[in-house]
$ cat entry_29.tsv   # TSV, C-alpha atoms and all ligand atoms
chain	number	residue	atom	x	y	z
A	1	MET	CA	5.67	-10.99	-8.24
A	2	SER	CA	8.19	-12.77	-10.43
A	3	ARG	CA	8.46	-16.50	-10.71
A	4	LEU	CA	11.80	-16.41	-8.90
A	5	ASN	CA	10.30	-14.53	-5.95
A	6	ILE	CA	7.39	-16.95	-5.74
A	7	ASP	CA	9.95	-19.72	-5.57
A	8	GLY	CA	11.62	-18.05	-2.59
A	9	LEU	CA	8.27	-17.33	-0.98
A	10	ALA	CA	7.19	-20.97	-1.30
A	11	LYS	CA	10.46	-22.07	0.27
A	12	GLY	CA	9.92	-19.63	3.15
A	13	ILE	CA	6.39	-20.92	3.70
A	14	ILE	CA	7.53	-24.53	3.70
A	15	ALA	CA	10.22	-23.61	6.23
A	16	GLY	CA	7.48	-22.16	8.47
A	17	ASP	CA	8.77	-18.59	8.22
A	18	ILE	CA	6.02	-16.31	9.59
A	19	PRO	CA	6.62	-13.25	7.32
A	20	SER	CA	6.51	-15.58	4.29
A	21	ILE	CA	3.27	-17.14	5.50
A	22	SER	CA	1.70	-13.70	5.99
A	23	ARG	CA	2.89	-12.50	2.61
A	24	GLY	CA	1.54	-15.66	0.96
A	25	ILE	CA	-1.86	-15.15	2.57
A	26	SER	CA	-1.97	-11.52	1.39
A	27	ILE	CA	-1.37	-12.76	-2.14
A	28	VAL	CA	-4.08	-15.43	-2.12
A	29	GLU	CA	-6.57	-12.95	-0.65
A	30	ASP	CA	-6.03	-10.56	-3.52
A	31	HIS	CA	-7.70	-11.47	-6.77
A	32	SER	CA	-5.58	-9.04	-8.73
A	33	GLN	CA	-2.67	-11.35	-7.90
A	34	ASN	CA	-4.31	-14.48	-9.25
A	35	TYR	CA	-1.25	-15.35	-11.31
A	36	ALA	CA	1.04	-15.26	-8.28
A	37	SER	CA	-1.52	-17.31	-6.32
A	38	SER	CA	-1.67	-19.96	-8.99
A	39	GLU	CA	2.14	-20.23	-9.09
A	40	LEU	CA	2.30	-20.39	-5.31
A	41	MET	CA	-0.35	-23.12	-5.09
A	42	LYS	CA	1.54	-25.21	-7.65
A	43	LYS	CA	4.72	-24.93	-5.60
A	44	ILE	CA	3.26	-25.85	-2.23
A	45	TYR	CA	0.73	-28.47	-3.32
A	46	ASP	CA	2.89	-31.52	-2.65
A	47	ARG	CA	3.51	-30.27	0.90
A	48	THR	CA	-0.20	-30.20	1.74
A	49	GLY	CA	-2.67	-32.80	2.95
A	50	ARG	CA	-1.74	-33.18	6.59
A	51	ILE	CA	-3.50	-30.32	8.34
A	52	HIS	CA	-6.60	-31.02	10.44
A	53	ILE	CA	-9.32	-28.49	9.62
A	54	ILE	CA	-11.61	-27.76	12.55
A	55	GLY	CA	-14.67	-25.63	11.83
A	56	VAL	CA	-16.33	-23.80	14.72
A	57	THR	CA	-19.75	-22.34	14.14
A	58	GLY	CA	-22.61	-20.97	16.23
A	59	PRO	CA	-24.69	-17.84	16.73
A	60	PRO	CA	-23.08	-14.47	17.48
A	61	GLY	CA	-21.97	-14.17	21.09
A	62	VAL	CA	-22.10	-17.89	21.83
A	63	GLY	CA	-18.41	-17.85	22.77
A	64	LYS	CA	-16.67	-19.14	19.65
A	65	SER	CA	-13.64	-16.88	19.97
A	66	SER	CA	-13.31	-17.53	23.70
A	67	LEU	CA	-13.46	-21.28	23.17
A	68	ILE	CA	-11.05	-21.19	20.24
A	69	GLY	CA	-8.55	-19.29	22.37
A	70	MET	CA	-8.82	-21.99	25.02
A	71	LEU	CA	-8.59	-24.83	22.51
A	72	ALA	CA	-5.55	-23.34	20.85
A	73	ALA	CA	-3.85	-22.95	24.21
A	74	GLU	CA	-4.70	-26.56	25.02
A	75	MET	CA	-3.21	-27.67	21.69
A	76	SER	CA	-0.03	-25.76	22.41
A	77	LYS	CA	0.15	-27.46	25.78
A	78	ARG	CA	-0.05	-30.76	23.90
A	79	LYS	CA	2.81	-29.60	21.65
A	80	GLN	CA	0.66	-29.26	18.57
A	81	LYS	CA	1.47	-26.54	16.12
A	82	THR	CA	-1.83	-24.80	15.60
A	83	SER	CA	-3.38	-21.86	13.77
A	84	ILE	CA	-6.63	-19.94	13.75
A	85	ILE	CA	-8.49	-18.18	11.01
A	86	ALA	CA	-11.61	-16.10	11.55
A	87	VAL	CA	-13.96	-15.84	8.59
A	88	ASP	CA	-16.65	-13.27	9.10
A	89	ALA	CA	-18.91	-12.95	6.13
A	90	SER	CA	-21.62	-11.11	7.99
A	91	SER	CA	-19.62	-7.97	8.68
A	92	PRO	CA	-16.87	-7.97	6.10
A	93	PHE	CA	-16.23	-4.26	6.13
A	94	THR	CA	-16.47	-3.16	9.74
A	95	GLY	CA	-14.06	-5.52	11.41
A	96	GLY	CA	-15.66	-4.62	14.74
A	97	THR	CA	-16.43	-8.15	15.78
A	98	LEU	CA	-13.09	-9.27	14.57
A	99	LEU	CA	-11.31	-6.71	16.61
A	100	GLY	CA	-13.26	-8.02	19.58
A	101	ASN	CA	-12.25	-11.53	18.61
A	102	ARG	CA	-8.65	-10.56	18.54
A	103	ILE	CA	-8.71	-9.02	21.95
A	104	ARG	CA	-10.56	-11.95	23.47
A	105	MET	CA	-8.29	-14.49	21.86
A	106	GLN	CA	-5.16	-12.62	22.73
A	107	ASP	CA	-4.82	-13.84	26.31
A	108	SER	CA	-4.55	-17.45	25.26
A	109	ILE	CA	-2.55	-16.76	22.18
A	110	ASN	CA	0.04	-14.29	23.38
A	111	GLN	CA	2.15	-16.80	25.21
A	112	ASN	CA	2.05	-19.44	22.51
A	113	SER	CA	3.29	-19.56	18.97
A	114	ILE	CA	-0.17	-19.77	17.47
A	115	PHE	CA	-0.68	-18.25	14.06
A	116	MET	CA	-3.81	-16.16	13.77
A	117	ARG	CA	-5.41	-14.34	10.88
A	118	SER	CA	-8.76	-12.65	10.33
A	119	LEU	CA	-9.90	-12.88	6.78
A	120	ALA	CA	-12.58	-10.23	6.65
A	121	SER	CA	-10.91	-7.48	8.58
A	122	ARG	CA	-9.40	-5.51	5.75
A	123	GLY	CA	-12.22	-4.66	3.38
A	124	PHE	CA	-12.46	-7.94	1.66
A	125	LYS	CA	-13.25	-7.91	-2.04
A	126	GLY	CA	-12.69	-11.39	-3.36
A	127	GLY	CA	-14.33	-14.69	-2.58
A	128	LEU	CA	-14.04	-15.29	1.11
A	129	SER	CA	-14.30	-19.05	0.94
A	130	SER	CA	-11.61	-19.49	-1.66
A	131	ALA	CA	-9.30	-17.10	0.21
A	132	ALA	CA	-9.88	-19.11	3.39
A	133	LEU	CA	-9.17	-22.33	1.55
A	134	SER	CA	-5.93	-21.03	0.04
A	135	THR	CA	-4.91	-19.72	3.46
A	136	ILE	CA	-5.43	-23.20	4.89
A	137	LYS	CA	-3.24	-24.64	2.12
A	138	ILE	CA	-0.45	-22.25	3.06
A	139	LEU	CA	-0.71	-23.15	6.75
A	140	ASP	CA	-0.77	-26.82	5.78
A	141	ALA	CA	2.41	-26.47	3.73
A	142	ALA	CA	4.00	-24.51	6.59
A	143	GLY	CA	3.61	-27.52	8.86
A	144	TYR	CA	0.69	-26.49	11.04
A	145	GLU	CA	-0.98	-29.62	12.35
A	146	SER	CA	-4.35	-27.98	12.73
A	147	VAL	CA	-6.30	-24.90	11.80
A	148	ILE	CA	-9.37	-23.75	13.69
A	149	VAL	CA	-11.79	-21.80	11.51
A	150	GLU	CA	-14.27	-19.48	13.19
A	151	THR	CA	-17.37	-18.56	11.23
A	152	VAL	CA	-20.64	-16.98	12.21
A	153	GLY	CA	-23.40	-19.51	11.88
A	154	SER	CA	-25.20	-17.99	8.95
A	155	GLY	CA	-24.54	-16.98	5.40
A	156	GLN	CA	-23.18	-18.62	2.32
A	157	ALA	CA	-19.48	-18.29	3.07
A	158	ASP	CA	-20.02	-20.08	6.33
A	159	ILE	CA	-21.71	-23.02	4.67
A	160	ASP	CA	-19.10	-23.16	1.90
A	161	ILE	CA	-16.17	-23.28	4.25
A	162	MET	CA	-17.88	-25.93	6.33
A	163	LYS	CA	-17.82	-28.17	3.25
A	164	ILE	CA	-14.09	-28.53	3.64
A	165	ALA	CA	-13.82	-28.78	7.44
A	166	HIS	CA	-12.84	-32.22	8.75
A	167	THR	CA	-14.29	-31.77	12.22
A	168	ILE	CA	-17.22	-29.43	12.80
A	169	LEU	CA	-17.99	-28.04	16.24
A	170	VAL	CA	-21.45	-26.56	16.64
A	171	LEU	CA	-21.74	-24.23	19.61
A	172	HIS	CA	-24.74	-23.35	21.65
A	173	ALA	CA	-25.25	-21.42	24.85
A	174	PRO	CA	-28.18	-20.70	27.11
A	175	GLY	CA	-30.16	-17.62	26.24
A	176	LEU	CA	-29.15	-17.55	22.59
A	177	GLY	CA	-32.28	-18.56	20.82
A	178	ASP	CA	-34.12	-21.71	20.23
A	179	ILE	CA	-32.19	-24.92	19.81
A	180	VAL	CA	-35.11	-26.40	17.92
A	181	GLN	CA	-34.60	-23.62	15.39
A	182	SER	CA	-31.02	-24.73	14.79
A	183	ILE	CA	-32.17	-28.29	14.38
A	184	LYS	CA	-34.53	-27.15	11.67
A	185	ALA	CA	-31.68	-25.35	9.92
A	186	GLY	CA	-29.95	-28.70	9.49
A	187	ILE	CA	-27.17	-27.87	11.93
A	188	MET	CA	-27.46	-31.23	13.69
A	189	GLU	CA	-26.49	-32.97	10.48
A	190	ILE	CA	-23.37	-30.95	9.82
A	191	GLY	CA	-21.97	-31.04	13.38
A	192	ASP	CA	-19.56	-33.74	14.53
A	193	LEU	CA	-19.34	-32.45	18.08
A	194	PHE	CA	-21.83	-30.26	19.90
A	195	VAL	CA	-20.66	-27.85	22.53
A	196	VAL	CA	-22.83	-26.12	25.06
A	197	ASN	CA	-20.82	-23.17	26.25
A	198	LYS	CA	-21.35	-21.09	29.39
A	199	ILE	CA	-22.10	-24.01	31.69
A	200	ASP	CA	-21.65	-21.56	34.53
A	201	ARG	CA	-25.23	-20.63	33.68
A	202	GLN	CA	-27.88	-22.88	35.10
A	203	GLU	CA	-29.96	-23.37	31.98
A	204	ALA	CA	-26.96	-24.87	30.22
A	205	PHE	CA	-27.91	-28.32	31.43
A	206	LEU	CA	-31.31	-28.02	29.79
A	207	ALA	CA	-29.59	-27.10	26.54
A	208	ILE	CA	-27.36	-30.17	26.81
A	209	LYS	CA	-30.42	-32.34	27.36
A	210	ASP	CA	-32.27	-30.78	24.40
A	211	ILE	CA	-29.36	-31.42	22.06
A	212	GLU	CA	-28.88	-34.96	23.34
A	213	ASP	CA	-32.55	-35.64	22.69
A	214	SER	CA	-32.42	-34.34	19.14
A	215	LEU	CA	-29.20	-36.21	18.41
A	216	ALA	CA	-30.91	-39.39	19.53
A	217	MET	CA	-33.41	-38.88	16.72
A	218	LEU	CA	-30.74	-38.78	14.01
A	219	PRO	CA	-30.00	-41.98	12.14
A	220	SER	CA	-26.92	-43.53	13.72
A	221	GLY	CA	-23.71	-43.38	11.74
A	222	THR	CA	-20.20	-44.73	12.26
A	223	TRP	CA	-19.33	-41.66	14.32
A	224	THR	CA	-21.41	-41.07	17.43
A	225	LYS	CA	-22.11	-37.38	17.90
A	226	LYS	CA	-21.63	-36.09	21.41
A	227	VAL	CA	-22.57	-33.06	23.45
A	228	ILE	CA	-20.01	-31.52	25.75
A	229	GLY	CA	-20.62	-28.68	28.17
A	230	VAL	CA	-17.75	-26.24	28.66
A	231	ASN	CA	-16.88	-22.95	30.26
A	232	SER	CA	-14.73	-21.00	27.86
A	233	LEU	CA	-13.75	-18.42	30.44
A	234	THR	CA	-12.30	-20.85	32.97
A	235	GLY	CA	-11.42	-23.66	30.55
A	236	GLU	CA	-13.55	-26.17	32.42
A	237	HIS	CA	-14.00	-29.36	30.33
A	238	VAL	CA	-12.00	-27.90	27.43
A	239	GLY	CA	-9.48	-30.73	27.88
A	240	GLU	CA	-12.25	-33.30	27.44
A	241	LEU	CA	-13.47	-31.48	24.35
A	242	MET	CA	-9.91	-31.56	23.01
A	243	ASP	CA	-9.79	-35.33	23.58
A	244	GLU	CA	-12.98	-35.71	21.55
A	245	ILE	CA	-11.60	-33.51	18.78
A	246	THR	CA	-8.49	-35.70	18.69
A	247	ARG	CA	-10.67	-38.81	18.52
A	248	HIS	CA	-12.63	-37.33	15.64
A	249	ARG	CA	-9.43	-36.39	13.86
A	250	GLU	CA	-8.28	-40.00	14.03
A	251	TYR	CA	-11.68	-41.21	12.88
A	252	TYR	CA	-11.70	-38.75	9.98
A	253	PHE	CA	-8.19	-39.52	8.77
A	254	LYS	CA	-8.89	-43.26	8.94
A	255	ASN	CA	-12.03	-42.82	6.87
A	256	ARG	CA	-10.84	-39.92	4.75
A	257	PRO	CA	-13.34	-39.29	1.92
A	258	ASP	CA	-11.88	-39.45	-1.57
A	259	ASP	CA	-13.78	-36.40	-2.82
A	260	GLU	CA	-11.98	-33.78	-0.71
A	261	GLY	CA	-10.15	-32.33	-3.69
A	262	ILE	CA	-13.34	-32.16	-5.70
A	263	ARG	CA	-15.16	-30.31	-2.91
A	264	GLU	CA	-12.29	-27.87	-2.66
A	265	MET	CA	-12.23	-27.36	-6.38
A	266	SER	CA	-15.94	-26.58	-6.44
A	267	ILE	CA	-15.43	-23.82	-3.86
A	268	TYR	CA	-12.82	-22.24	-6.11
A	269	ILE	CA	-15.03	-22.66	-9.17
A	270	GLU	CA	-18.00	-20.96	-7.51
A	271	ASP	CA	-15.93	-18.01	-6.29
A	272	GLU	CA	-14.17	-17.65	-9.61
A	273	MET	CA	-17.44	-17.75	-11.55
A	274	ARG	CA	-18.97	-15.14	-9.25
A	275	ARG	CA	-15.94	-12.93	-9.75
A	276	ILE	CA	-16.04	-13.28	-13.54
A	277	ILE	CA	-19.74	-12.49	-13.65
A	278	ASN	CA	-19.27	-9.44	-11.44
A	279	GLU	CA	-16.38	-8.16	-13.51
A	280	ARG	CA	-18.00	-8.68	-16.88
A	281	SER	CA	-21.30	-7.22	-15.79
A	282	ARG	CA	-19.49	-4.13	-14.56
A	283	GLN	CA	-17.70	-3.83	-17.87
A	284	LYS	CA	-21.02	-4.05	-19.62
A	285	GLY	CA	-22.49	-0.78	-18.38
A	286	ASP	CA	-25.65	-1.49	-20.29
A	287	LEU	CA	-26.53	-4.53	-18.17
A	288	HIS	CA	-29.15	-2.73	-16.15
A	289	ARG	CA	-30.77	-1.35	-19.30
A	290	GLU	CA	-30.76	-4.85	-20.73
A	291	MET	CA	-32.53	-6.15	-17.64
A	292	LYS	CA	-35.15	-3.41	-17.88
A	293	LYS	CA	-35.74	-4.24	-21.52
A	294	LEU	CA	-36.24	-7.90	-20.76
A	295	MET	CA	-38.68	-7.11	-17.96
A	296	SER	CA	-40.65	-4.74	-20.16
A	297	ARG	CA	-41.09	-7.56	-22.65
A	298	GLY	CA	-42.87	-9.43	-19.88
A	299	ILE	CA	-40.20	-12.06	-19.42
A	300	ASP	CA	-40.21	-13.71	-16.01
A	301	PRO	CA	-37.16	-12.94	-13.80
A	302	PHE	CA	-35.82	-16.50	-13.91
A	303	ASN	CA	-35.70	-16.66	-17.70
A	304	GLY	CA	-34.49	-13.08	-17.81
A	305	ALA	CA	-31.59	-14.07	-15.57
A	306	LEU	CA	-30.75	-17.03	-17.80
A	307	LYS	CA	-30.54	-14.71	-20.79
A	308	ILE	CA	-28.32	-12.25	-18.95
A	309	VAL	CA	-25.97	-14.97	-17.69
A	310	ASP	CA	-25.84	-16.39	-21.18
A	311	LYS	CA	-24.83	-12.97	-22.46
A	312	ILE	CA	-22.09	-12.61	-19.84
A	313	ILE	CA	-20.46	-16.00	-19.85
A	314	GLY	CA	-21.97	-17.56	-22.92
A	315	THR	CA	-23.68	-20.53	-21.35
A	316	GLU	CA	-26.35	-22.48	-23.14
A	317	VAL	CA	-29.12	-23.73	-20.88
B	1	LIG	N1	-20.52	-16.66	31.45
B	1	LIG	C1	-19.79	-17.01	30.40
B	1	LIG	N2	-19.52	-16.12	29.44
B	1	LIG	C2	-18.78	-16.50	28.39
B	1	LIG	C3	-18.28	-17.83	28.25
B	1	LIG	N3	-17.61	-17.92	27.09
B	1	LIG	C4	-17.65	-16.69	26.52
B	1	LIG	N4	-18.36	-15.84	27.29
B	1	LIG	C5	-18.64	-14.41	27.04
B	1	LIG	O1	-19.55	-14.33	25.96
B	1	LIG	C6	-19.29	-13.16	25.15
B	1	LIG	C7	-19.10	-13.54	23.70
B	1	LIG	O2	-17.94	-14.33	23.58
B	1	LIG	P1	-17.16	-14.49	22.21
B	1	LIG	O3	-16.10	-15.50	22.45
B	1	LIG	O4	-16.75	-13.20	21.65
B	1	LIG	O5	-18.32	-15.08	21.30
B	1	LIG	P2	-18.31	-15.31	19.71
B	1	LIG	O6	-19.23	-16.44	19.45
B	1	LIG	O7	-16.94	-15.41	19.20
B	1	LIG	O8	-18.98	-13.96	19.23
B	1	LIG	P3	-19.00	-13.36	17.71
B	1	LIG	O9	-17.63	-13.55	17.12
B	1	LIG	O10	-19.35	-11.93	17.93
B	1	LIG	O11	-20.05	-14.10	16.97
B	1	LIG	C8	-18.05	-12.50	25.77
B	1	LIG	O12	-18.48	-11.47	26.61
B	1	LIG	C9	-17.42	-13.64	26.57
B	1	LIG	O13	-16.68	-13.16	27.66
B	1	LIG	C10	-18.60	-18.77	29.29
B	1	LIG	O14	-18.24	-19.94	29.25
B	1	LIG	N5	-19.35	-18.31	30.32
B	2	MG	MG	-15.94	-14.34	17.67
$ encode --input "entry_29.tsv" --output "structure tokens" --more "lines below"
Ligand SMILES: Nc1nc2c(ncn2[C@@H]2O[C@H](COP(=O)(O)OP(=O)(O)OP(=O)(O)O)[C@@H](O)[C@H]2O)c(=O)[nH]1
Ligand SMILES: [Mg+2]
Amino acid sequence: MSRLNIDGLAKGIIAGDIPSISRGISIVEDHSQNYASSELMKKIYDRTGRIHIIGVTGPPGVGKSSLIGMLAAEMSKRKQKTSIIAVDASSPFTGGTLLGNRIRMQDSINQNSIFMRSLASRGFKGGLSSAALSTIKILDAAGYESVIVETVGSGQADIDIMKIAHTILVLHAPGLGDIVQSIKAGIMEIGDLFVVNKIDRQEAFLAIKDIEDSLAMLPSGTWTKKVIGVNSLTGEHVGELMDEITRHREYYFKNRPDDEGIREMSIYIEDEMRRIINERSRQKGDLHREMKKLMSRGIDPFNGALKIVDKIIGTEV
């Protein structure tokens, strides 16, 4: 894409034009268009910095998509311009779950002008986290006041993208595994708000109690973490959850950390490094032979890896 076209595209995005936004996202998802992405990012940068990034995580089937649909509808009711992106690192090539997501979200979204995009649905090749981040930048420049990011609660991409979320919702539901297990996985620390979904099921109240108990054991901070029970099919208590999200947004923007840009940059660096290593190691067809040779010399895998990485990107450790 020529510089002139990128100029027009950036203008379209800033004007909130949907085809321009979609086109921009397709570009930033595609590593072979890195040059166009870099030009686009330069052009929209001074229009960014206002969007509220809400991360929603939790085990498969907990009701993330259902809740997000309800939340987005609630935001529309409150006249907020909102968007949704679904990042699914666990099944990047099937798109099955995402198709399900789409259908489930559709009811709430159809009637409203909510922008929605699934990032793993089309055979994703590049770094998922950096694509998600660039997508958020585009939505930010286009004037969306918030973006809700759905991720499955496991895997590296999930954790990476959570690094840049402003408000993190951790979902739980009765019958979906041990809450104590999640606590061990450090999920209590990353969450700002805890949601117990499916309160139409009796055991939900036990789950709320369990989470409240474990939150009580955390050192107290300036933000008090809360548990809210909701029903994402009927929308019960979703309004209250929305009020809490709004409160957290205000809290976050008042206390905005000054290392946001650095955290974002490190996501791009990690993805870019991974891409370079993958590309160069593919070019070097003899990499596997090299590895075998190292192993046959009795080198331990860690030091073998250091030698290989040094060969690929020329680092000195
Ligand atoms: N009873 C009940 N069922 C719910 C509720 N919320 C969602 N569900 C159902 O739970 C199932 C999973 O919901 P999803 O919204 O797809 O869950 P998810 O966490 O997005 O699932 P993945 O994207 O596959 O990880 C669906 O059959 C929903 O209809 C609720 O509040 N109560
Ligand atoms: Mg889902």
$ residues_around --input "entry_29.tsv" --residues "A:Ile13" --least-positions-apart "6" --cutoff "6 Å" --atoms "all atoms listed in the file" --output "PyMOL selection string"
chain A and resi 20-21+142
$ residues_near_ligand --input "entry_29.tsv" --ligand "ligand LIG 1 (chain B)" --cutoff "6 Å" --atoms "only C-alpha atoms and all ligand atoms" --output "MDAnalysis selection string"
chainID A and resid 59:66 97 101 152 197:198 200 231:233
$ closest_residue --input "entry_29.tsv" --among "A:Val149, A:Lys11, A:Lys42, A:Ile277" --to "ligand MG 2 (chain B)" --atoms "all atoms listed in the file"
A:Val149
$ closest_residue --input "entry_29.tsv" --among "A:Ala216, A:Leu139, A:Ile54, A:Ser134" --to "A:Gly12" --atoms "all atoms listed in the file"
A:Leu139
$ atom_distance --input "entry_29.tsv" --atom1 "atom CA of A:Gly261" --atom2 "atom CA of A:Gly49"
10.0 Å
$ closest_residue --input "entry_29.tsv" --among "A:Lys209, A:Lys311, A:Lys77, A:Arg23" --to "A:Glu290" --atoms "all atoms listed in the file"
A:Lys311
$ closest_residue --input "entry_29.tsv" --among "A:Ile51, A:Val56, A:Val28, A:Met41" --to "ligand MG 2 (chain B)" --atoms "all atoms listed in the file"
A:Val56
$ residues_around --input "entry_29.tsv" --residues "A:Thr246" --least-positions-apart "6" --cutoff "10 Å" --atoms "all atoms listed in the file" --output "PyMOL selection string"
chain A and resi 52+167+240+252
$ closest_residue --input "entry_29.tsv" --among "A:Lys254, A:Arg275, A:Arg201, A:Arg280" --to "A:Gly127" --atoms "all atoms listed in the file"
A:Arg275
$ axis_aligned_box --input "entry_29.tsv" --around "stretch 211-216 of chain A" --padding-each-side "6 Å" --output "lines of an AutoDock Vina configuration file"
center_x = -30.7
center_y = -35.4
center_z = 20.9
size_x = 15.7
size_y = 20.0
size_z = 16.9
$ atom_distance --input "entry_29.tsv" --atom1 "atom CA of A:Thr222" --atom2 "atom CA of A:Ile168"
15.6 Å
$ atom_distance --input "entry_29.tsv" --atom1 "atom CA of A:Ala131" --atom2 "atom CA of A:Ile269"
12.3 Å
$ closest_residue --input "entry_29.tsv" --among "A:Glu150, A:Glu29, A:Glu39, A:Asp300" --to "ligand MG 2 (chain B)" --atoms "all atoms listed in the file"
A:Glu150
$ residues_around --input "entry_29.tsv" --residues "A:Ala36" --least-positions-apart "4" --cutoff "12 Å" --atoms "only C-alpha atoms" --output "list in words"
Met1, Ser2, Arg3, Leu4, Asn5, Ile6, Asp7, Leu9, Ala10, Arg23, Gly24, Ile25, Ser26, Ile27, Val28, Glu29, Asp30, His31, Ser32, Leu40, Met41, Lys42 and Lys43 of chain A
$ residues_around --input "entry_29.tsv" --residues "A:Ile85" --least-positions-apart "5" --cutoff "7 Å" --atoms "all atoms listed in the file" --output "PDB file with C-alpha atoms, in the coordinates of the input"
ATOM      1  CA  MET A 116      -3.810 -16.160  13.770  1.00  0.00           C
ATOM      2  CA  ARG A 117      -5.410 -14.340  10.880  1.00  0.00           C
ATOM      3  CA  SER A 118      -8.760 -12.650  10.330  1.00  0.00           C
ATOM      4  CA  LEU A 119      -9.900 -12.880   6.780  1.00  0.00           C
ATOM      5  CA  ILE A 148      -9.370 -23.750  13.690  1.00  0.00           C
ATOM      6  CA  VAL A 149     -11.790 -21.800  11.510  1.00  0.00           C
ATOM      7  CA  GLU A 150     -14.270 -19.480  13.190  1.00  0.00           C
TER       8      GLU A 150
END
